[in-house]
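Engineer: So here's final-v8.txt, just compact mmCIF, C-alpha atoms (C1' of nucleotides):
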# COMPACT_ATOMS: atom_id res chain seq x y z
CA MET A 18 251.05 -96.46 -136.24
CA PRO A 19 253.41 -99.26 -135.17
CA HIS A 20 253.67 -102.54 -136.97
CA ALA A 21 250.49 -104.52 -136.54
CA SER A 22 250.98 -107.01 -133.74
CA LEU A 23 250.92 -110.58 -134.93
CA ALA A 24 251.01 -111.93 -131.38
CA ALA A 25 247.28 -112.58 -131.22
CA GLN A 26 246.99 -114.43 -134.53
CA PRO A 27 245.81 -118.05 -134.47
CA CYS A 28 248.98 -119.18 -136.19
CA PRO A 29 252.33 -120.13 -134.68
CA ILE A 30 254.17 -118.75 -137.73
CA ALA A 31 252.68 -115.31 -137.18
CA ARG A 32 253.40 -115.44 -133.46
CA THR A 33 257.00 -116.41 -134.17
CA LEU A 34 257.41 -113.56 -136.63
CA ASP A 35 255.93 -111.20 -134.05
CA LEU A 36 259.01 -111.96 -131.95
CA VAL A 37 261.75 -112.39 -134.55
CA GLY A 38 260.26 -111.00 -137.77
CA GLU A 39 261.53 -107.44 -137.51
CA TRP A 40 264.33 -106.19 -139.71
CA TRP A 41 267.77 -107.42 -138.41
CA THR A 42 266.37 -109.66 -135.68
CA LEU A 43 267.08 -113.03 -137.29
CA LEU A 44 270.54 -111.81 -138.31
CA ILE A 45 271.26 -111.11 -134.65
CA VAL A 46 270.18 -114.66 -133.83
CA ARG A 47 272.36 -115.92 -136.68
CA ASP A 48 275.37 -114.05 -135.32
CA ALA A 49 274.74 -115.50 -131.87
CA LEU A 50 274.60 -118.99 -133.37
CA LEU A 51 277.95 -118.21 -135.02
CA GLY A 52 279.49 -117.17 -131.71
CA ALA A 53 278.73 -113.47 -131.24
CA ARG A 54 278.16 -112.43 -127.64
CA ARG A 55 278.95 -108.78 -127.14
CA PHE A 56 277.48 -105.56 -128.45
CA ASP A 57 280.34 -104.93 -130.83
CA ASP A 58 280.24 -108.49 -132.17
CA PHE A 59 276.66 -107.94 -133.29
CA LYS A 60 277.39 -104.46 -134.61
CA ALA A 61 279.82 -105.95 -137.11
CA THR A 62 276.88 -107.05 -139.27
CA GLY A 63 276.13 -103.41 -140.09
CA ILE A 64 273.14 -102.82 -137.83
CA ALA A 65 272.80 -99.35 -136.29
CA ASP A 66 273.53 -98.98 -132.57
CA ASN A 67 270.09 -97.85 -131.51
CA VAL A 68 268.34 -100.62 -133.43
CA LEU A 69 270.71 -103.24 -132.03
CA SER A 70 270.15 -101.95 -128.54
CA SER A 71 266.37 -102.13 -128.85
CA ARG A 72 266.47 -105.56 -130.51
CA LEU A 73 268.65 -107.05 -127.78
CA LYS A 74 266.28 -105.63 -125.18
CA LYS A 75 263.26 -107.11 -126.91
CA LEU A 76 264.90 -110.49 -127.46
CA THR A 77 266.00 -110.62 -123.85
CA THR A 78 262.47 -109.82 -122.70
CA ALA A 79 261.19 -112.54 -125.00
CA GLY A 80 263.52 -115.07 -123.38
CA ILE A 81 265.52 -115.68 -126.53
CA PHE A 82 268.68 -114.13 -125.12
CA LYS A 83 269.85 -113.88 -121.56
CA ARG A 84 272.02 -111.00 -120.42
CA ARG A 85 275.07 -111.84 -118.35
CA ARG A 86 277.41 -109.34 -116.64
CA TYR A 87 280.98 -110.20 -117.55
CA GLN A 88 282.61 -107.17 -115.93
CA THR A 89 281.98 -104.52 -113.28
CA HIS A 90 283.26 -100.92 -113.08
CA PRO A 91 281.76 -100.26 -115.47
CA ASP A 92 279.17 -102.99 -115.77
CA ARG A 93 279.38 -104.70 -119.14
CA TYR A 94 276.99 -107.32 -120.38
CA GLU A 95 277.06 -110.04 -122.98
CA TYR A 96 274.12 -111.70 -124.65
CA LEU A 97 273.78 -115.47 -124.74
CA LEU A 98 271.14 -117.53 -126.49
CA THR A 99 268.81 -119.45 -124.22
CA ASP A 100 267.46 -122.86 -125.19
CA LYS A 101 264.48 -121.02 -126.61
CA GLY A 102 266.93 -119.01 -128.70
CA THR A 103 269.02 -121.90 -129.98
CA ALA A 104 265.76 -123.61 -130.93
CA LEU A 105 265.56 -121.04 -133.74
CA ALA A 106 268.54 -122.70 -135.42
CA PRO A 107 266.44 -124.92 -137.73
CA ALA A 108 264.59 -121.86 -139.03
CA VAL A 109 267.83 -119.98 -139.60
CA LEU A 110 269.38 -123.00 -141.30
CA ALA A 111 266.32 -123.39 -143.53
CA LEU A 112 266.64 -119.76 -144.63
CA ARG A 113 270.33 -120.39 -145.23
CA ALA A 114 269.64 -123.46 -147.36
CA TRP A 115 267.19 -121.47 -149.48
CA GLY A 116 269.66 -118.62 -149.87
CA LYS A 117 272.45 -120.94 -150.91
CA ARG A 118 270.23 -122.47 -153.55
CA PHE A 119 268.55 -119.36 -154.94
CA THR A 120 270.90 -116.43 -154.36
CA LYS A 121 274.46 -115.82 -155.44
CA GLY A 122 277.22 -114.71 -153.13
CA ALA A 123 279.66 -115.71 -150.47
CA ASP A 124 278.80 -117.73 -147.39
CA THR A 125 280.19 -116.96 -143.96
CA SER A 126 277.40 -118.70 -142.09
CA GLN A 127 278.37 -122.32 -141.88
CA ILE A 128 277.60 -124.32 -138.77
CA ILE A 129 279.48 -127.51 -138.12
CA HIS A 130 278.68 -130.79 -136.43
CA LYS A 131 280.87 -130.97 -133.33
CA GLY A 132 281.26 -134.72 -133.56
CA CYS A 133 282.59 -135.07 -137.09
CA GLY A 134 283.13 -131.64 -138.64
CA GLY A 135 280.48 -132.04 -141.34
CA ALA A 136 278.28 -129.08 -142.31
CA VAL A 137 274.95 -128.98 -140.53
CA GLU A 138 271.94 -128.56 -142.80
CA VAL A 139 268.22 -128.30 -142.22
CA GLY A 140 266.76 -130.87 -139.89
CA PHE A 141 269.98 -131.22 -137.96
CA ARG A 142 271.03 -134.13 -140.04
CA CYS A 143 274.80 -134.19 -140.42
CA GLY A 144 275.91 -134.27 -144.04
CA GLN A 145 278.97 -136.34 -143.25
CA CYS A 146 278.09 -139.02 -140.74
CA ASP A 147 274.41 -139.03 -141.76
CA ARG A 148 272.88 -139.21 -138.33
CA GLU A 149 270.52 -136.93 -136.46
CA ILE A 150 272.33 -134.41 -134.28
CA PRO A 151 271.05 -133.24 -130.89
CA LYS A 152 271.13 -129.45 -130.52
CA THR A 153 273.85 -129.72 -127.89
CA GLU A 154 276.18 -131.11 -130.53
CA ILE A 155 276.38 -128.17 -132.89
CA ARG A 156 278.86 -125.36 -132.82
CA PRO A 157 279.87 -122.41 -134.99
CA ALA A 158 282.21 -123.07 -137.90
CA ARG A 159 283.81 -119.68 -137.33
CA LEU A 160 285.03 -119.40 -133.76
CA SER A 161 285.60 -115.91 -132.38
CA GLY A 162 287.41 -116.27 -129.10
CA ALA A 163 287.20 -118.73 -126.24
CA GLU A 164 284.53 -121.37 -126.79
CA ALA A 165 283.66 -124.56 -124.98
CA MET B 21 266.42 -93.78 -145.54
CA PRO B 22 265.11 -97.15 -146.75
CA HIS B 23 265.89 -100.40 -145.03
CA ALA B 24 269.54 -101.27 -145.50
CA SER B 25 269.86 -103.71 -148.37
CA LEU B 26 271.06 -107.10 -147.24
CA ALA B 27 271.40 -108.33 -150.81
CA ALA B 28 275.14 -107.74 -150.98
CA GLN B 29 276.03 -109.46 -147.71
CA PRO B 30 278.31 -112.50 -147.85
CA CYS B 31 275.68 -114.62 -146.15
CA PRO B 32 272.81 -116.58 -147.70
CA ILE B 33 270.64 -115.93 -144.63
CA ALA B 34 270.94 -112.18 -145.09
CA ARG B 35 270.28 -112.46 -148.81
CA THR B 36 267.19 -114.55 -148.16
CA LEU B 37 265.89 -112.05 -145.62
CA ASP B 38 266.53 -109.29 -148.13
CA LEU B 39 263.84 -110.94 -150.27
CA VAL B 40 261.40 -112.29 -147.70
CA GLY B 41 262.35 -110.59 -144.44
CA GLU B 42 260.03 -107.61 -144.62
CA TRP B 43 256.97 -107.40 -142.42
CA TRP B 44 254.11 -109.60 -143.75
CA THR B 45 256.14 -111.23 -146.51
CA LEU B 46 256.57 -114.68 -144.99
CA LEU B 47 252.91 -114.66 -143.95
CA ILE B 48 251.98 -114.15 -147.59
CA VAL B 49 254.13 -117.14 -148.48
CA ARG B 50 252.50 -119.10 -145.67
CA ASP B 51 249.04 -118.27 -147.00
CA ALA B 52 250.08 -119.35 -150.48
CA LEU B 53 251.34 -122.65 -149.08
CA LEU B 54 247.94 -123.03 -147.42
CA GLY B 55 246.12 -122.48 -150.70
CA ALA B 56 245.64 -118.72 -151.08
CA ARG B 57 245.83 -117.46 -154.67
CA ARG B 58 243.90 -114.25 -155.08
CA PHE B 59 244.28 -110.76 -153.71
CA ASP B 60 241.36 -111.12 -151.33
CA ASP B 61 242.62 -114.50 -150.06
CA PHE B 62 245.83 -112.86 -148.92
CA LYS B 63 244.02 -109.82 -147.55
CA ALA B 64 242.23 -112.06 -145.07
CA THR B 65 245.36 -112.20 -142.90
CA GLY B 66 244.88 -108.55 -142.01
CA ILE B 67 247.52 -106.97 -144.25
CA ALA B 68 246.73 -103.55 -145.71
CA ASP B 69 245.92 -103.36 -149.42
CA ASN B 70 248.81 -101.14 -150.44
CA VAL B 71 251.35 -103.25 -148.59
CA LEU B 72 249.95 -106.47 -150.04
CA SER B 73 250.06 -104.99 -153.50
CA SER B 74 253.69 -103.95 -153.19
CA ARG B 75 254.72 -107.27 -151.60
CA LEU B 76 253.12 -109.31 -154.38
CA LYS B 77 254.89 -107.15 -156.93
CA LYS B 78 258.25 -107.62 -155.21
CA LEU B 79 257.78 -111.36 -154.73
CA THR B 80 256.76 -111.75 -158.36
CA THR B 81 259.84 -109.83 -159.48
CA ALA B 82 261.95 -112.05 -157.24
CA GLY B 83 260.54 -115.16 -158.94
CA ILE B 84 258.86 -116.45 -155.80
CA PHE B 85 255.36 -115.95 -157.17
CA LYS B 86 254.15 -116.03 -160.75
CA ARG B 87 251.16 -113.97 -161.84
CA ARG B 88 248.54 -115.70 -163.95
CA ARG B 89 245.52 -114.05 -165.59
CA TYR B 90 242.42 -116.03 -164.74
CA GLN B 91 239.90 -113.65 -166.30
CA THR B 92 239.66 -110.85 -168.88
CA HIS B 93 237.29 -107.80 -169.00
CA PRO B 94 238.49 -106.79 -166.55
CA ASP B 95 241.81 -108.57 -166.32
CA ARG B 96 242.15 -110.36 -162.99
CA TYR B 97 245.26 -112.09 -161.80
CA GLU B 98 246.09 -114.75 -159.27
CA TYR B 99 249.42 -115.39 -157.62
CA LEU B 100 250.96 -118.86 -157.62
CA LEU B 101 254.13 -120.01 -155.91
CA THR B 102 256.94 -121.01 -158.21
CA ASP B 103 259.32 -123.84 -157.32
CA LYS B 104 261.57 -121.17 -155.83
CA GLY B 105 258.60 -120.10 -153.72
CA THR B 106 257.57 -123.53 -152.51
CA ALA B 107 261.20 -124.11 -151.58
CA LEU B 108 260.58 -121.69 -148.72
CA ALA B 109 258.30 -124.25 -147.08
CA PRO B 110 261.00 -125.73 -144.82
CA ALA B 111 261.78 -122.29 -143.43
CA VAL B 112 258.10 -121.56 -142.84
CA LEU B 113 257.62 -124.95 -141.22
CA ALA B 114 260.64 -124.41 -138.99
CA LEU B 115 259.18 -121.08 -137.81
CA ARG B 116 255.91 -122.88 -137.23
CA ALA B 117 257.54 -125.61 -135.17
CA TRP B 118 259.23 -123.00 -133.00
CA GLY B 119 255.97 -121.09 -132.55
CA LYS B 120 254.10 -124.22 -131.57
CA ARG B 121 256.70 -125.01 -128.96
CA PHE B 122 257.30 -121.55 -127.49
CA THR B 123 254.11 -119.51 -128.01
CA LYS B 124 250.55 -120.11 -126.92
CA GLY B 125 247.58 -119.89 -129.22
CA ALA B 126 245.56 -121.58 -131.91
CA ASP B 127 247.02 -123.14 -135.05
CA THR B 128 245.45 -122.78 -138.47
CA SER B 129 248.63 -123.48 -140.37
CA GLN B 130 248.90 -127.22 -140.67
CA ILE B 131 250.28 -128.77 -143.84
CA ILE B 132 249.54 -132.40 -144.55
CA HIS B 133 251.39 -135.17 -146.35
CA LYS B 134 249.36 -135.98 -149.45
CA GLY B 135 250.26 -139.64 -149.33
CA CYS B 136 249.12 -140.51 -145.83
CA GLY B 137 247.46 -137.51 -144.16
CA GLY B 138 250.14 -137.08 -141.49
CA ALA B 139 251.21 -133.60 -140.43
CA VAL B 140 254.34 -132.35 -142.16
CA GLU B 141 257.04 -131.02 -139.87
CA VAL B 142 260.49 -129.58 -140.42
CA GLY B 143 262.70 -131.44 -142.84
CA PHE B 144 259.78 -132.76 -144.84
CA ARG B 145 259.76 -135.90 -142.81
CA CYS B 146 256.22 -137.20 -142.44
CA GLY B 147 255.22 -137.73 -138.82
CA GLN B 148 252.98 -140.63 -139.67
CA CYS B 149 254.71 -142.83 -142.23
CA ASP B 150 258.20 -141.61 -141.21
CA ARG B 151 259.66 -141.24 -144.67
CA GLU B 152 261.11 -138.27 -146.49
CA ILE B 153 258.56 -136.45 -148.60
CA PRO B 154 259.37 -134.82 -151.95
CA LYS B 155 258.03 -131.26 -152.22
CA THR B 156 255.52 -132.35 -154.86
CA GLU B 157 253.82 -134.49 -152.27
CA ILE B 158 252.67 -131.85 -149.83
CA ARG B 159 249.39 -130.01 -149.83
CA PRO B 160 247.49 -127.61 -147.55
CA ALA B 161 245.52 -129.07 -144.65
CA ARG B 162 242.89 -126.36 -145.14
CA LEU B 163 241.60 -126.39 -148.70
CA SER B 164 239.90 -123.21 -149.94
CA GLY B 165 238.21 -124.04 -153.23
CA ALA B 166 239.22 -126.16 -156.18
CA GLU B 167 242.60 -127.81 -155.71
CA ALA B 168 244.44 -130.48 -157.58
C1' DT C 18 217.12 -99.37 -165.47
C1' DC C 19 219.71 -98.43 -162.00
C1' DA C 20 221.65 -99.00 -157.59
C1' DA C 21 224.61 -102.13 -155.10
C1' DG C 22 228.25 -105.50 -154.95
C1' DT C 23 232.86 -107.65 -156.27
C1' DG C 24 237.77 -107.76 -156.99
C1' DA C 25 242.21 -105.81 -157.69
C1' DC C 26 244.11 -102.38 -157.21
C1' DT C 27 245.99 -96.93 -156.30
C1' DT C 28 246.24 -92.63 -153.67
C1' DG C 29 246.69 -89.71 -149.63
C1' DC C 30 247.57 -88.89 -144.97
C1' DG C 31 249.80 -89.49 -140.46
C1' DT C 32 252.87 -91.93 -137.28
C1' DG C 33 256.78 -94.21 -136.07
C1' DA C 34 260.56 -97.45 -137.41
C1' DC C 35 264.98 -97.24 -138.99
C1' DG C 36 269.74 -95.19 -140.89
C1' DC C 37 273.16 -92.13 -139.52
C1' DA C 38 275.91 -89.36 -136.67
C1' DA C 39 277.18 -87.60 -132.46
C1' DG C 40 277.26 -87.70 -127.48
C1' DT C 41 278.10 -90.10 -122.80
C1' DG C 42 280.50 -92.14 -118.97
C1' DA C 43 283.56 -95.24 -116.80
C1' DC C 44 287.50 -97.18 -117.41
C1' DC C 45 292.52 -98.29 -119.60
C1' DA C 46 296.93 -97.62 -122.23
C1' DT C 47 300.66 -94.52 -123.61
C1' DA D 22 296.55 -85.80 -120.40
C1' DT D 23 295.25 -87.40 -124.58
C1' DG D 24 293.30 -90.88 -127.01
C1' DG D 25 291.06 -95.52 -127.24
C1' DT D 26 287.41 -99.05 -125.87
C1' DC D 27 282.76 -100.51 -124.96
C1' DA D 28 277.93 -100.33 -124.34
C1' DC D 29 275.04 -97.79 -124.83
C1' DT D 30 271.46 -93.10 -125.60
C1' DT D 31 269.82 -89.04 -128.13
C1' DG D 32 268.45 -86.31 -132.09
C1' DC D 33 267.29 -85.71 -136.72
C1' DG D 34 265.39 -86.88 -141.23
C1' DT D 35 263.21 -90.09 -144.35
C1' DC D 36 260.53 -93.73 -145.70
C1' DA D 37 257.70 -97.84 -144.50
C1' DC D 38 253.44 -99.13 -142.91
C1' DG D 39 248.33 -98.75 -141.04
C1' DC D 40 244.11 -96.93 -142.38
C1' DA D 41 240.60 -95.05 -145.18
C1' DA D 42 238.83 -93.69 -149.39
C1' DG D 43 238.76 -93.68 -154.37
C1' DT D 44 238.82 -96.10 -159.05
C1' DC D 45 237.47 -98.97 -162.81
C1' DA D 46 235.31 -102.68 -165.17
C1' DC D 47 232.36 -105.37 -164.78
C1' DT D 48 228.04 -108.61 -162.52
C1' DT D 49 223.95 -109.23 -159.93
C1' DG D 50 219.46 -108.28 -157.89
C1' DA D 51 215.07 -105.47 -157.66
Can the structure from this file be put into structure tokens for me?

Structural biologist:
Amino acid sequence: MPHASLAAQPCPIARTLDLVGEWWTLLIVRDALLGARRFDDFKATGIADNVLSSRLKKLTTAGIFKRRRYQTHPDRYEYLLTDKGTALAPAVLALRAWGKRFTKGADTSQIIHKGCGGAVEVGFRCGQCDREIPKTEIRPARLSGAEA
Amino acid sequence: MPHASLAAQPCPIARTLDLVGEWWTLLIVRDALLGARRFDDFKATGIADNVLSSRLKKLTTAGIFKRRRYQTHPDRYEYLLTDKGTALAPAVLALRAWGKRFTKGADTSQIIHKGCGGAVEVGFRCGQCDREIPKTEIRPARLSGAEA
DNA sequence: TCAAGTGACTTGCGTGACGCAAGTGACCAT
DNA sequence: ATGGTCACTTGCGTCACGCAAGTCACTTGA
């Protein structure tokens, strides 16, 4: 039997978890928020190839990622978050805030306010300049290659 | 092979998902935030008995729930969120906000500001009186029995 | 008095999700 | 021509989960 589908539940939390609640899925979204684009970028987390492949397929179907060809002969694709995908950032940041408070360990997941360099926390309120930040004004703290 | 443990990862998001990222777990937390306390309350979501039993055990061990005996002969227990558990509310609310925006369906998951009756959204900012709300001032919109 | 119900579980079975390793196919560098 | 890169797929084994039934200590209704 597969996982019970939560898609039909009368609750937006359940329907969200139906799309992103599987093992590894939110970590893939996290990596994308931190700048990952290509298959090998995402693999670095420790996810198995076959699982990554199926997750990217599912997330693309769900409209959370879009697949873009960046090379031909052979065709190679990269995976970019859509608006729908970047809209998951508050959820990811809320999980991060909880983890920072209640678990011990290192932190390689910081996201920074483009305008001032302060760390972005839940609610997209910048810790440094203390103003609300539109989602177009956040960027990864750890850059991995060419970024806008 | 079991799920890979995310507990050792240098990322608070991974460590959080190690504790609450399994199938059904965040829905159990959601139900608790909405007032569920007893085994049968949580079962109503559609989770299987054995899975619910093991999740409650794990979450209790993790300090997210505490078990309280509410009856003897036979002993019966209820499961209450600790402070560590209620601190997951922003994450759950962020998932809810995303689901409301990007999925279609009913919504039985509203949480209300005790002070004014406004719906609580991400960041614990009350939509009605527009002030920040301490976590002691939220309560379920749907009450199921005696509540403080 | 005795069957039926309640509530919190556990146990057993079957399927499939996931971890791991290896294979593939088109290129490129040495 | 031998090895490396990259984005995958395939195969195998184990364990997680869905489902159904059983358990145990009561309580309730007839």

Engineer: Tell me which residues come within 7 Å of (247.7, -101.1, -139.3), as a list of chain:residue names, counting only C-alpha atoms (C1' of nucleotides) in the file's coordinates.

Structural biologist: A:Met18, A:His20, A:Ala21, B:Ala68, D:DG39, D:DC40

Engineer: Residues of chain D near chain B: apply a cut-off of 8 Å, count all atoms listed in the file, and supply the list as a PyMOL selection string.

Structural biologist: chain D and resi 35-40+46-47

Engineer: Using all atoms listed in the file, which chain C residues lie at most 12 Å away from chain A, written as a ChimeraX atom specification?

Structural biologist: /C:31-39,42-45

Engineer: Find the residues of chain B in contact range of chain A, meaning any atom within 7 Å when counting all atoms listed in the file, and list them as a ChimeraX atom specification.

Structural biologist: /B:30-36,41-43,47,107-108,110-111,114-116,118-120,123,125-129,142-143

Engineer: How many Å lie between atom CA of Thr80 of chain B and atom CA of Leu101 of chain B, rounded to one decimal?

Structural biologist: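 Between these atoms lies a distance of 9.0 Å.
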
Engineer: Provide the atom C1' of DA42 of chain D to atom CA of Ser22 of chain A distance in Å, to one decimal place.

Structural biologist: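 Distance reported for this atom pair: 23.9 Å.
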
Engineer: Please determine, counting all atoms listed in the file, which residue among C:DA25, C:DA20, C:DC30, C:DA46 has the shortest atom-to-atom distance to DA41 of chain D.

Structural biologist: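 Of C:DA25, C:DA20, C:DC30, C:DA46, the one nearest DA41 of chain D is C:DC30, counting all atoms listed in the file.
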
Engineer: Between atom CA of Thr102 of chain B and atom CA of Lys86 of chain B, what is the distance, to one decimal in Å?

Structural biologist: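 One can read the atom CA of Thr102 of chain B to atom CA of Lys86 of chain B distance as 6.2 Å.
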